[in-house]
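Pasting work02.txt here (compact mmCIF, C-alpha atoms):
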# COMPACT_ATOMS: atom_id res chain seq x y z
CA MET A 1 136.85 109.65 -74.10
CA LYS A 2 134.84 107.17 -76.11
CA LYS A 3 136.68 103.98 -76.87
CA GLU A 4 135.87 104.11 -80.58
CA ASN A 5 137.38 107.60 -80.81
CA ARG A 6 140.61 106.66 -79.14
CA MET A 7 143.71 106.77 -81.31
CA PHE A 8 145.20 103.30 -81.29
CA ARG A 9 148.88 102.66 -81.73
CA ILE A 10 148.92 99.23 -83.34
CA PRO A 11 152.18 97.25 -83.28
CA LYS A 12 153.24 96.58 -86.85
CA HIS A 13 154.83 93.25 -86.07
CA ILE A 14 153.89 90.92 -83.22
CA GLY A 15 155.84 87.86 -82.10
CA VAL A 16 153.73 85.02 -80.70
CA ILE A 17 154.99 82.38 -78.25
CA PRO A 18 152.11 79.90 -77.96
CA ASP A 19 153.32 78.11 -74.82
CA GLY A 20 151.50 75.70 -72.52
CA ASN A 21 150.11 72.99 -74.83
CA ARG A 22 151.64 70.15 -72.81
CA ARG A 23 150.59 71.59 -69.45
CA TRP A 24 147.07 72.04 -70.84
CA ALA A 25 146.93 68.42 -72.02
CA LYS A 26 148.12 67.20 -68.62
CA GLU A 27 145.45 69.27 -66.86
CA LYS A 28 142.79 67.69 -69.08
CA GLY A 29 144.07 64.19 -68.39
CA LEU A 30 145.38 63.80 -71.94
CA LYS A 31 148.80 62.65 -73.03
CA LYS A 32 151.28 65.56 -73.27
CA GLU A 33 151.63 65.18 -77.05
CA ASP A 34 147.86 65.51 -77.52
CA GLY A 35 147.91 69.18 -76.50
CA TYR A 36 149.29 70.59 -79.73
CA GLN A 37 146.17 69.86 -81.79
CA PHE A 38 144.23 72.17 -79.48
CA GLY A 39 146.54 75.03 -80.39
CA LEU A 40 145.53 75.08 -84.05
CA ALA A 41 142.16 76.85 -83.83
CA PRO A 42 143.63 79.56 -81.53
CA GLY A 43 146.34 80.21 -84.11
CA ALA A 44 143.86 80.79 -86.95
CA GLU A 45 141.70 82.93 -84.67
CA LEU A 46 144.65 85.10 -83.66
CA VAL A 47 145.59 85.65 -87.32
CA ARG A 48 142.03 86.79 -88.14
CA LEU A 49 141.97 89.12 -85.13
CA ALA A 50 145.38 90.64 -85.84
CA LYS A 51 144.37 91.24 -89.44
CA LYS A 52 141.17 92.95 -88.31
CA TYR A 53 143.17 95.29 -86.07
CA GLY A 54 145.59 96.18 -88.84
CA VAL A 55 148.66 94.32 -87.61
CA GLU A 56 150.93 93.91 -90.65
CA GLU A 57 152.97 90.94 -89.56
CA LEU A 58 152.85 88.05 -87.10
CA THR A 59 155.65 85.62 -86.28
CA PHE A 60 154.77 82.35 -84.53
CA TYR A 61 157.29 80.37 -82.52
CA GLY A 62 156.62 76.90 -83.96
CA PHE A 63 159.30 74.56 -82.69
CA THR A 64 163.05 74.62 -82.19
CA VAL A 65 166.03 72.42 -82.92
CA ASP A 66 166.25 71.84 -79.14
CA ASN A 67 162.57 70.84 -78.90
CA CYS A 68 163.41 67.93 -81.23
CA LYS A 69 165.35 66.28 -78.40
CA ARG A 70 162.02 65.55 -76.67
CA PRO A 71 160.32 62.11 -76.79
CA ARG A 72 159.53 60.94 -80.34
CA GLU A 73 155.74 61.08 -79.96
CA GLN A 74 155.93 64.72 -78.91
CA VAL A 75 158.22 65.65 -81.79
CA LYS A 76 155.92 63.92 -84.29
CA SER A 77 152.92 65.61 -82.76
CA PHE A 78 154.19 69.24 -82.69
CA SER A 79 155.70 68.85 -86.13
CA ARG A 80 152.37 67.69 -87.58
CA ALA A 81 150.53 70.46 -85.72
CA CYS A 82 152.86 73.06 -87.25
CA VAL A 83 152.28 71.76 -90.79
CA GLU A 84 148.52 71.88 -90.19
CA ALA A 85 148.80 75.37 -88.69
CA VAL A 86 150.54 76.69 -91.80
CA GLU A 87 147.91 75.12 -94.08
CA MET A 88 145.12 76.54 -91.93
CA VAL A 89 146.55 80.06 -91.76
CA LYS A 90 147.19 80.03 -95.50
CA LYS A 91 143.40 80.06 -96.01
CA GLU A 92 143.27 83.51 -94.37
CA ASP A 93 144.72 85.12 -97.50
CA VAL A 94 148.06 86.11 -95.98
CA ASP A 95 151.66 85.77 -97.10
CA ILE A 96 153.35 82.82 -95.40
CA TYR A 97 157.05 82.59 -94.69
CA VAL A 98 158.86 79.79 -92.86
CA VAL A 99 162.34 80.09 -91.30
CA GLY A 100 164.36 77.25 -89.79
CA ASN A 101 167.05 74.68 -90.30
CA THR A 102 165.82 72.85 -93.41
CA LYS A 103 168.91 70.63 -93.48
CA SER A 104 168.01 68.50 -90.47
CA PRO A 105 165.58 65.53 -90.68
CA CYS A 106 163.35 67.30 -88.15
CA PHE A 107 162.26 69.84 -90.75
CA PRO A 108 158.86 68.82 -92.25
CA GLU A 109 159.33 68.67 -96.03
CA GLU A 110 155.75 69.88 -96.63
CA LEU A 111 156.91 73.30 -95.48
CA LEU A 112 159.99 73.59 -97.71
CA GLU A 113 158.07 75.57 -100.32
CA TYR A 114 157.45 78.38 -97.80
CA THR A 115 161.11 78.95 -96.98
CA LYS A 116 161.95 80.91 -100.13
CA SER A 117 162.06 84.63 -99.47
CA SER A 118 161.41 85.17 -103.19
CA ASN A 119 157.80 84.21 -102.35
CA LEU A 120 157.53 87.54 -100.55
CA ALA A 121 157.86 89.63 -103.73
CA GLN A 122 156.46 93.14 -103.33
CA GLU A 123 154.16 93.04 -106.37
CA ASN A 124 151.72 90.43 -105.05
CA LYS A 125 151.97 91.44 -101.41
CA LYS A 126 148.96 90.59 -99.25
CA ALA A 127 147.68 92.81 -96.42
CA MET A 128 149.37 90.62 -93.85
CA ARG A 129 152.39 88.39 -93.56
CA VAL A 130 152.64 85.46 -91.17
CA ASN A 131 156.00 83.90 -90.36
CA PHE A 132 156.54 80.55 -88.66
CA LEU A 133 159.77 79.49 -86.97
CA ILE A 134 160.06 75.80 -87.79
CA ASN A 135 163.03 73.80 -86.51
CA TYR A 136 164.52 77.15 -85.57
CA GLY A 137 167.48 77.71 -83.27
CA TRP A 138 169.05 80.99 -82.19
CA GLU A 139 172.51 79.40 -82.48
CA TRP A 140 171.70 78.10 -85.96
CA ASP A 141 170.41 81.59 -86.81
CA MET A 142 173.61 83.32 -85.69
CA LYS A 143 176.00 80.71 -87.13
CA ASN A 144 174.41 81.19 -90.53
CA GLY A 145 175.05 84.92 -90.56
CA TRP A 146 171.63 85.83 -89.13
CA ALA A 147 169.58 83.43 -91.26
CA SER A 148 166.29 84.96 -90.11
CA SER A 149 167.14 88.47 -91.26
CA THR A 150 164.24 88.50 -93.76
CA ILE A 151 162.02 88.78 -90.67
CA PRO A 152 161.99 92.44 -89.56
CA ARG A 153 162.10 94.02 -86.10
CA ILE A 154 159.36 92.93 -83.68
CA ASP A 155 157.39 95.56 -81.74
CA MET A 156 155.67 93.34 -79.21
CA VAL A 157 156.00 89.72 -78.14
CA ILE A 158 152.92 88.07 -76.64
CA ARG A 159 153.65 84.89 -74.74
CA TRP A 160 150.96 82.57 -73.46
CA GLY A 161 151.50 80.17 -70.56
CA GLY A 162 152.81 82.56 -67.88
CA MET A 163 156.56 82.46 -68.40
CA CYS A 164 158.39 85.78 -68.81
CA ARG A 165 161.25 84.75 -71.09
CA LEU A 166 162.11 84.55 -74.77
CA SER A 167 163.39 80.93 -74.85
CA GLY A 168 165.63 81.69 -77.80
CA PHE A 169 162.94 83.46 -79.86
CA LEU A 170 164.64 85.69 -82.49
CA PRO A 171 167.17 87.43 -80.22
CA ILE A 172 168.03 90.13 -82.74
CA GLN A 173 164.50 91.04 -83.89
CA THR A 174 163.31 91.32 -80.28
CA VAL A 175 166.01 93.68 -78.92
CA TYR A 176 163.51 96.56 -78.57
CA ALA A 177 160.27 94.55 -78.27
CA ASP A 178 157.84 94.92 -75.39
CA PHE A 179 156.93 91.59 -73.78
CA TYR A 180 153.34 90.90 -72.77
CA ILE A 181 152.67 87.75 -70.77
CA VAL A 182 149.30 85.95 -70.74
CA LYS A 183 148.92 83.62 -67.76
CA ASN A 184 146.49 81.32 -69.58
CA LEU A 185 147.81 78.36 -71.51
CA TRP A 186 147.77 78.67 -75.29
CA PRO A 187 144.88 76.25 -75.99
CA ASP A 188 142.77 78.44 -73.66
CA PHE A 189 143.32 81.44 -75.97
CA LYS A 190 140.61 84.09 -75.82
CA GLU A 191 140.07 87.21 -77.91
CA GLU A 192 140.40 89.31 -74.73
CA HIS A 193 144.03 88.24 -74.28
CA PHE A 194 144.90 89.88 -77.56
CA GLN A 195 142.81 92.96 -76.84
CA ASP A 196 144.37 93.33 -73.39
CA ALA A 197 147.82 93.06 -74.96
CA LEU A 198 146.98 95.85 -77.43
CA GLU A 199 145.58 98.03 -74.62
CA TRP A 200 148.76 97.46 -72.59
CA TYR A 201 150.91 98.29 -75.60
CA GLN A 202 149.35 101.77 -75.75
CA LYS A 203 150.99 102.59 -72.43
CA GLN A 204 154.51 101.58 -73.49
CA ASP A 205 156.61 104.36 -74.94
CA VAL A 206 158.77 103.35 -77.87
CA THR A 207 162.32 104.64 -77.50
CA LEU A 208 164.23 102.07 -79.58
CA GLY A 209 167.09 102.31 -77.11
CA GLY A 210 167.41 106.10 -77.38
CA MET B 211 157.78 74.40 -44.38
CA LYS B 212 159.96 76.86 -42.51
CA LYS B 213 161.45 79.55 -44.68
CA GLU B 214 164.98 79.01 -43.37
CA ASN B 215 164.83 75.33 -44.28
CA ARG B 216 163.68 75.88 -47.82
CA MET B 217 166.10 74.90 -50.56
CA PHE B 218 166.85 78.01 -52.56
CA ARG B 219 167.77 77.89 -56.21
CA ILE B 220 169.98 80.96 -56.61
CA PRO B 221 170.56 82.31 -60.13
CA LYS B 222 174.28 82.18 -60.85
CA HIS B 223 174.26 85.27 -63.04
CA ILE B 224 171.80 88.16 -62.83
CA GLY B 225 171.42 90.96 -65.37
CA VAL B 226 170.38 94.32 -63.94
CA ILE B 227 168.56 97.05 -65.88
CA PRO B 228 168.47 100.02 -63.50
CA ASP B 229 165.83 102.05 -65.34
CA GLY B 230 163.85 105.08 -64.20
CA ASN B 231 166.48 107.59 -63.01
CA ARG B 232 165.15 110.40 -65.19
CA ARG B 233 161.51 109.76 -64.32
CA TRP B 234 162.49 109.72 -60.64
CA ALA B 235 164.29 113.06 -60.94
CA LYS B 236 161.28 114.59 -62.70
CA GLU B 237 158.94 113.35 -59.97
CA LYS B 238 161.17 114.99 -57.35
CA GLY B 239 161.23 118.28 -59.24
CA LEU B 240 164.89 117.84 -60.18
CA LYS B 241 166.47 118.15 -63.60
CA LYS B 242 166.41 114.86 -65.53
CA GLU B 243 170.19 114.55 -65.49
CA ASP B 244 170.28 114.83 -61.71
CA GLY B 245 168.62 111.41 -61.27
CA TYR B 246 171.65 109.27 -62.02
CA GLN B 247 173.52 110.19 -58.84
CA PHE B 248 170.67 108.67 -56.84
CA GLY B 249 171.24 105.34 -58.54
CA LEU B 250 174.74 104.87 -57.09
CA ALA B 251 173.90 103.79 -53.54
CA PRO B 252 171.27 101.27 -54.82
CA GLY B 253 173.94 99.72 -57.05
CA ALA B 254 176.39 99.16 -54.21
CA GLU B 255 173.58 97.85 -51.99
CA LEU B 256 172.48 95.37 -54.66
CA VAL B 257 176.04 94.07 -55.06
CA ARG B 258 176.32 93.48 -51.30
CA LEU B 259 172.94 91.71 -51.21
CA ALA B 260 173.65 89.52 -54.23
CA LYS B 261 176.99 88.52 -52.72
CA LYS B 262 175.28 87.64 -49.45
CA TYR B 263 172.83 85.37 -51.29
CA GLY B 264 175.62 83.62 -53.19
CA VAL B 265 175.02 85.08 -56.66
CA GLU B 266 178.28 84.56 -58.57
CA GLU B 267 177.93 87.26 -61.18
CA LEU B 268 176.03 90.49 -61.81
CA THR B 269 175.91 92.47 -65.06
CA PHE B 270 174.72 96.09 -64.92
CA TYR B 271 173.32 97.89 -67.96
CA GLY B 272 175.31 101.13 -67.68
CA PHE B 273 174.71 103.14 -70.82
CA THR B 274 174.54 102.50 -74.56
CA VAL B 275 175.91 103.98 -77.75
CA ASP B 276 172.33 105.12 -78.50
CA ASN B 277 171.95 106.78 -75.09
CA CYS B 278 174.84 109.08 -76.11
CA LYS B 279 172.54 110.81 -78.60
CA ARG B 280 170.68 112.38 -75.66
CA PRO B 281 171.28 116.01 -74.53
CA ARG B 282 174.91 116.70 -73.54
CA GLU B 283 174.17 117.31 -69.83
CA GLN B 284 172.48 113.90 -69.56
CA VAL B 285 175.35 112.13 -71.31
CA LYS B 286 177.90 113.82 -69.04
CA SER B 287 175.83 112.95 -66.01
CA PHE B 288 175.21 109.21 -66.67
CA SER B 289 178.79 108.76 -67.81
CA ARG B 290 180.13 110.24 -64.57
CA ALA B 291 177.65 108.18 -62.54
CA CYS B 292 178.90 105.00 -64.23
CA VAL B 293 182.53 105.78 -63.44
CA GLU B 294 181.59 106.43 -59.82
CA ALA B 295 179.52 103.24 -59.70
CA VAL B 296 182.48 101.15 -60.82
CA GLU B 297 184.77 102.78 -58.22
CA MET B 298 182.14 102.24 -55.52
CA VAL B 299 181.47 98.59 -56.40
CA LYS B 300 185.22 97.89 -56.57
CA LYS B 301 185.37 98.46 -52.80
CA GLU B 302 183.10 95.41 -52.31
CA ASP B 303 186.03 93.07 -53.11
CA VAL B 304 184.65 91.76 -56.40
CA ASP B 305 186.15 91.27 -59.85
CA ILE B 306 185.17 94.10 -62.18
CA TYR B 307 184.83 93.79 -65.93
CA VAL B 308 183.70 96.48 -68.37
CA VAL B 309 182.41 95.83 -71.91
CA GLY B 310 181.61 98.46 -74.52
CA ASN B 311 182.82 100.41 -77.50
CA THR B 312 186.08 101.89 -76.22
CA LYS B 313 186.84 103.49 -79.59
CA SER B 314 184.19 106.22 -79.41
CA PRO B 315 184.73 109.49 -77.47
CA CYS B 316 181.72 108.57 -75.30
CA PHE B 317 183.72 105.87 -73.52
CA PRO B 318 185.08 107.22 -70.19
CA GLU B 319 188.83 106.67 -70.22
CA GLU B 320 188.89 106.05 -66.45
CA LEU B 321 187.26 102.69 -67.19
CA LEU B 322 189.66 101.51 -69.87
CA GLU B 323 191.70 99.50 -67.36
CA TYR B 324 188.67 97.29 -66.62
CA THR B 325 188.08 96.23 -70.21
CA LYS B 326 190.89 93.66 -70.34
CA SER B 327 189.56 90.14 -69.94
CA SER B 328 193.05 89.11 -68.77
CA ASN B 329 192.09 90.82 -65.49
CA LEU B 330 189.68 87.93 -64.93
CA ALA B 331 192.41 85.32 -64.54
CA GLN B 332 191.27 82.22 -62.66
CA GLU B 333 194.09 82.22 -60.08
CA ASN B 334 193.07 85.42 -58.25
CA LYS B 335 189.34 85.00 -58.74
CA LYS B 336 187.12 86.71 -56.17
CA ALA B 337 183.83 85.25 -54.89
CA MET B 338 181.86 87.50 -57.21
CA ARG B 339 182.26 89.18 -60.56
CA VAL B 340 180.47 92.37 -61.55
CA ASN B 341 180.26 93.42 -65.19
CA PHE B 342 179.25 96.83 -66.46
CA LEU B 343 178.06 97.57 -69.99
CA ILE B 344 179.55 100.97 -70.78
CA ASN B 345 178.92 102.60 -74.16
CA TYR B 346 177.52 99.23 -75.19
CA GLY B 347 175.42 98.54 -78.27
CA TRP B 348 173.90 95.26 -79.41
CA GLU B 349 174.78 96.13 -83.02
CA TRP B 350 178.35 96.97 -82.03
CA ASP B 351 178.44 93.67 -80.10
CA MET B 352 177.30 91.61 -83.11
CA LYS B 353 179.40 93.47 -85.68
CA ASN B 354 182.51 92.74 -83.64
CA GLY B 355 181.92 89.00 -83.66
CA TRP B 356 180.07 88.96 -80.33
CA ALA B 357 182.41 91.32 -78.49
CA SER B 358 180.70 90.61 -75.14
CA SER B 359 181.27 86.86 -75.26
CA THR B 360 183.48 86.93 -72.14
CA ILE B 361 180.21 87.56 -70.28
CA PRO B 362 178.46 84.20 -69.78
CA ARG B 363 174.78 83.22 -70.05
CA ILE B 364 172.38 85.16 -67.81
CA ASP B 365 169.82 83.26 -65.69
CA MET B 366 167.59 86.14 -64.66
CA VAL B 367 167.23 89.77 -65.70
CA ILE B 368 165.78 92.16 -63.11
CA ARG B 369 164.56 95.43 -64.56
CA TRP B 370 163.48 98.37 -62.44
CA GLY B 371 161.12 101.08 -63.73
CA GLY B 372 158.18 98.95 -64.93
CA MET B 373 159.04 98.30 -68.57
CA CYS B 374 159.01 94.71 -69.77
CA ARG B 375 161.67 94.80 -72.46
CA LEU B 376 165.39 94.24 -72.90
CA SER B 377 166.22 97.51 -74.73
CA GLY B 378 169.16 95.89 -76.47
CA PHE B 379 170.64 94.33 -73.31
CA LEU B 380 172.96 91.43 -74.28
CA PRO B 381 170.64 89.65 -76.76
CA ILE B 382 172.72 86.46 -76.87
CA GLN B 383 173.37 86.03 -73.15
CA THR B 384 169.67 86.56 -72.35
CA VAL B 385 168.14 84.01 -74.76
CA TYR B 386 167.06 81.72 -71.90
CA ALA B 387 166.85 84.28 -69.09
CA ASP B 388 163.74 84.85 -66.98
CA PHE B 389 162.71 88.50 -66.82
CA TYR B 390 161.51 89.98 -63.54
CA ILE B 391 160.05 93.47 -63.61
CA VAL B 392 160.06 95.82 -60.62
CA LYS B 393 157.54 98.64 -60.96
CA ASN B 394 159.51 101.01 -58.73
CA LEU B 395 162.05 103.34 -60.28
CA TRP B 396 165.70 102.42 -59.74
CA PRO B 397 166.57 105.19 -57.23
CA ASP B 398 163.70 103.81 -55.08
CA PHE B 399 165.47 100.43 -54.85
CA LYS B 400 164.60 98.36 -51.80
CA GLU B 401 166.03 95.09 -50.52
CA GLU B 402 162.56 93.51 -50.88
CA HIS B 403 162.65 93.98 -54.66
CA PHE B 404 165.64 91.70 -54.87
CA GLN B 405 164.19 89.19 -52.39
CA ASP B 406 160.87 89.12 -54.30
CA ALA B 407 162.77 88.51 -57.52
CA LEU B 408 164.60 85.56 -55.96
CA GLU B 409 161.33 84.14 -54.58
CA TRP B 410 159.73 84.46 -58.02
CA TYR B 411 162.72 82.78 -59.64
CA GLN B 412 162.10 79.65 -57.52
CA LYS B 413 158.83 79.11 -59.40
CA GLN B 414 160.38 79.28 -62.86
CA ASP B 415 161.49 75.97 -64.30
CA VAL B 416 164.73 76.08 -66.24
CA THR B 417 164.45 74.28 -69.57
CA LEU B 418 167.12 76.10 -71.60
CA GLY B 419 164.91 75.77 -74.64
CA GLY B 420 164.53 71.98 -74.31
Now, as a test, write the supplied structure out as structure tokens.
Amino acid sequence: MKKENRMFRIPKHIGVIPDGNRRWAKEKGLKKEDGYQFGLAPGAELVRLAKKYGVEELTFYGFTVDNCKRPREQVKSFSRACVEAVEMVKKEDVDIYVVGNTKSPCFPEELLEYTKSSNLAQENKKAMRVNFLINYGWEWDMKNGWASSTIPRIDMVIRWGGMCRLSGFLPIQTVYADFYIVKNLWPDFKEEHFQDALEWYQKQDVTLGG
Amino acid sequence: MKKENRMFRIPKHIGVIPDGNRRWAKEKGLKKEDGYQFGLAPGAELVRLAKKYGVEELTFYGFTVDNCKRPREQVKSFSRACVEAVEMVKKEDVDIYVVGNTKSPCFPEELLEYTKSSNLAQENKKAMRVNFLINYGWEWDMKNGWASSTIPRIDMVIRWGGMCRLSGFLPIQTVYADFYIVKNLWPDFKEEHFQDALEWYQKQDVTLGG
């Protein structure tokens, strides 16, 4: 069967855990907090690719309430990287939505404007929607009556950096998701990782718990 | 370094998804519903092994509210297998606890006596506790104010049958769990699967989202 003739089952909504920035920085002899900047270009590239393949929605794990307990330089660095990531992805002509605890000082005020779900009105809907979890916490999510519920069910989670775990990533949306693990660290993102994940997804049957 | 001298980090609480009974039955030329019986001995064996290694708690994914929508013979068969599994594991001198929707006709009444958390009183505590999810549903769990909250955080989930997903298994308890996937189907359980999972777990660093 020719590849171009193959019927492709494309996940509607993919969760992205871009892990390994600090390990990558360490490997390169950089300071840990310098790794995040190298995760920006991969993020934009992944959005373009997903759009090309017809994925309708992406949700990036930005940073969590717990991450903010790390050393100050790291917090400053990943927070800035997340703001830049949103600005960069915005240029791809997609809808942007940000979910997280806006009431703590860790939430970057530049991103406040993206937290209103009214921005996602049906009439001006773009071909793709990209969500970012910013100062997110699963406990915060649950305590606030499932604060992230404007983000729909996730079909597949792709995690870079080799770990096979969710680390608190949207526990409710991921109940039926298939998890695909990329061994490479996030700044070493390659188009093939995404293509391999899609190929793998073809072989998973979707039962939704049935 | 000699293996026997190595310091082992044993997960306190392991979640078990014993998947693949129907596929196994099909492979053997049996009816789908005849697979569940072959999952009983593996369950008892796993409990003995986990106890030997000092695991304090195991939680088995029995069956779900959604599973009960399957053909009647299958429902009857996995329900009976679960009752037998509980009776079998009870002989291993462990505390037994059952969580699930007891108010639907799908809940086997033989297991009602195990659903009282008062049975888990500290004074008579055994070396190990084994939980079974019986007629469980993540939506039921959430709607009832986290009905499963007497089951603590899970350190590692081991899933047999090759799928890399949670399928609605305790979304809150598994937020920080590491997932280990065994390709073999559950009735083909071997001691090595469990040992490999423990070896793999040594290499995972526990950050609890930090």
| said: As an exercise, work out the distance from atom CA of A:Asp95 to atom CA of A:Asn119 in Å and give it to one decimal place. | reply: 8.2 Å
| field | Interface list for chain A, partner chain B, 10 Å threshold, only C-alpha atoms, as JSON, numbers by chain | value | {"A": [63, 64, 65, 66, 67, 68, 69, 70, 137, 138, 139, 142, 156, 157, 162, 163, 164, 165, 166, 167, 168, 169, 170, 171, 172, 173, 174, 175, 176, 177, 178, 179, 180, 181, 203, 204, 205, 206, 207, 208, 209, 210]}
| said: Need to verify the contact set: stretch 19-29 of chain A, 9 Å, all atoms listed in the file, exclusion of same-chain residues closer than 3 positions in sequence. Can you return it as a list in words? | reply: Lys32, Glu33, Asp34, Gly35, Tyr36, Gln37, Phe38, Gly39, Tyr61, Arg159, Trp160, Gly161, Gly162, Met163, Asn184, Leu185, Trp186, Pro187 and Asp188 of chain A
| In Å to one decimal, how far is atom CA of A:Val75 from atom CA of A:Asn101? | 15.2 Å
| message | For B:Leu321, find every residue with an atom within 10 Å (counting all atoms listed in the file), except residues of its own chain fewer than 4 positions away, and show them as number ranges by chain. | response | B: 292-293, 296-297, 307-309, 312, 317, 325, 342, 344
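Here atom CA of B:Lys300 stands at a distance of 14.5 Å from atom CA of B:Pro252.
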| field | Residue among B:Gln405, B:Gln284, B:Ser289, B:Thr269 lying closest to B:Glu320, counting only C-alpha atoms | value |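 That would be B:Ser289, the residue with the smallest distance to B:Glu320.
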Could you work out an axis-aligned bounding box for all listed atoms of stretch 132-139 of chain A, with 4 Å added on each of the six sides, and give its centre and edge lengths in Å to one decimal, as JSON?
{"center_x": 164.5, "center_y": 77.4, "center_z": -85.4, "size_x": 24.0, "size_y": 15.2, "size_z": 14.5}
| field | Which of A:Leu40, A:Ala50, A:Ala147, A:Ile96 sits closest to A:Lys125 [using all atoms listed in the file] | value |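 Ranked by minimum distance to A:Lys125, first place goes to A:Ile96.
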Filled-in all heavy atoms of stretch 303-309 of chain B, supplied as a PDB file, in the frame of the given file:
ATOM      1  N   ASP B 303     185.154  94.236 -52.917  1.00  0.00           N
ATOM      2  CA  ASP B 303     186.030  93.070 -53.110  1.00  0.00           C
ATOM      3  C   ASP B 303     185.443  92.067 -54.116  1.00  0.00           C
ATOM      4  O   ASP B 303     185.242  90.890 -53.815  1.00  0.00           O
ATOM      5  CB  ASP B 303     186.292  92.382 -51.754  1.00  0.00           C
ATOM      6  CG  ASP B 303     187.430  91.373 -51.854  1.00  0.00           C
ATOM      7  OD1 ASP B 303     188.416  91.660 -52.566  1.00  0.00           O
ATOM      8  OD2 ASP B 303     187.321  90.299 -51.241  1.00  0.00           O
ATOM      9  N   VAL B 304     185.163  92.588 -55.294  1.00  0.00           N
ATOM     10  CA  VAL B 304     184.650  91.760 -56.400  1.00  0.00           C
ATOM     11  C   VAL B 304     185.538  91.980 -57.623  1.00  0.00           C
ATOM     12  O   VAL B 304     186.269  92.971 -57.687  1.00  0.00           O
ATOM     13  CB  VAL B 304     183.191  92.139 -56.760  1.00  0.00           C
ATOM     14  CG1 VAL B 304     182.247  91.817 -55.617  1.00  0.00           C
ATOM     15  CG2 VAL B 304     183.087  93.616 -57.151  1.00  0.00           C
ATOM     16  N   ASP B 305     185.484  91.036 -58.562  1.00  0.00           N
ATOM     17  CA  ASP B 305     186.150  91.270 -59.850  1.00  0.00           C
ATOM     18  C   ASP B 305     185.281  92.197 -60.685  1.00  0.00           C
ATOM     19  O   ASP B 305     184.060  92.037 -60.721  1.00  0.00           O
ATOM     20  CB  ASP B 305     186.324  89.935 -60.600  1.00  0.00           C
ATOM     21  CG  ASP B 305     187.492  89.128 -60.065  1.00  0.00           C
ATOM     22  OD1 ASP B 305     188.534  89.741 -59.777  1.00  0.00           O
ATOM     23  OD2 ASP B 305     187.350  87.903 -59.946  1.00  0.00           O
ATOM     24  N   ILE B 306     185.918  93.150 -61.353  1.00  0.00           N
ATOM     25  CA  ILE B 306     185.170  94.100 -62.180  1.00  0.00           C
ATOM     26  C   ILE B 306     185.558  93.895 -63.634  1.00  0.00           C
ATOM     27  O   ILE B 306     186.739  93.745 -63.960  1.00  0.00           O
ATOM     28  CB  ILE B 306     185.508  95.563 -61.790  1.00  0.00           C
ATOM     29  CG1 ILE B 306     185.253  95.830 -60.313  1.00  0.00           C
ATOM     30  CG2 ILE B 306     184.775  96.542 -62.705  1.00  0.00           C
ATOM     31  CD1 ILE B 306     183.918  96.378 -59.967  1.00  0.00           C
ATOM     32  N   TYR B 307     184.552  93.900 -64.497  1.00  0.00           N
ATOM     33  CA  TYR B 307     184.830  93.790 -65.930  1.00  0.00           C
ATOM     34  C   TYR B 307     183.906  94.757 -66.676  1.00  0.00           C
ATOM     35  O   TYR B 307     182.708  94.830 -66.375  1.00  0.00           O
ATOM     36  CB  TYR B 307     184.602  92.344 -66.399  1.00  0.00           C
ATOM     37  CG  TYR B 307     184.929  92.099 -67.845  1.00  0.00           C
ATOM     38  CD1 TYR B 307     186.188  92.379 -68.349  1.00  0.00           C
ATOM     39  CD2 TYR B 307     183.958  91.587 -68.708  1.00  0.00           C
ATOM     40  CE1 TYR B 307     186.487  92.153 -69.688  1.00  0.00           C
ATOM     41  CE2 TYR B 307     184.246  91.349 -70.045  1.00  0.00           C
ATOM     42  CZ  TYR B 307     185.518  91.637 -70.524  1.00  0.00           C
ATOM     43  OH  TYR B 307     185.798  91.414 -71.847  1.00  0.00           O
ATOM     44  N   VAL B 308     184.474  95.496 -67.609  1.00  0.00           N
ATOM     45  CA  VAL B 308     183.700  96.480 -68.370  1.00  0.00           C
ATOM     46  C   VAL B 308     183.702  96.106 -69.848  1.00  0.00           C
ATOM     47  O   VAL B 308     184.755  95.789 -70.407  1.00  0.00           O
ATOM     48  CB  VAL B 308     184.294  97.906 -68.166  1.00  0.00           C
ATOM     49  CG1 VAL B 308     183.708  98.899 -69.166  1.00  0.00           C
ATOM     50  CG2 VAL B 308     184.043  98.386 -66.741  1.00  0.00           C
ATOM     51  N   VAL B 309     182.513  96.108 -70.477  1.00  0.00           N
ATOM     52  CA  VAL B 309     182.410  95.830 -71.910  1.00  0.00           C
ATOM     53  C   VAL B 309     181.714  96.991 -72.601  1.00  0.00           C
ATOM     54  O   VAL B 309     180.693  97.485 -72.109  1.00  0.00           O
ATOM     55  CB  VAL B 309     181.588  94.555 -72.193  1.00  0.00           C
ATOM     56  CG1 VAL B 309     181.353  94.380 -73.683  1.00  0.00           C
ATOM     57  CG2 VAL B 309     182.310  93.323 -71.667  1.00  0.00           C
TER      58      VAL B 309
END
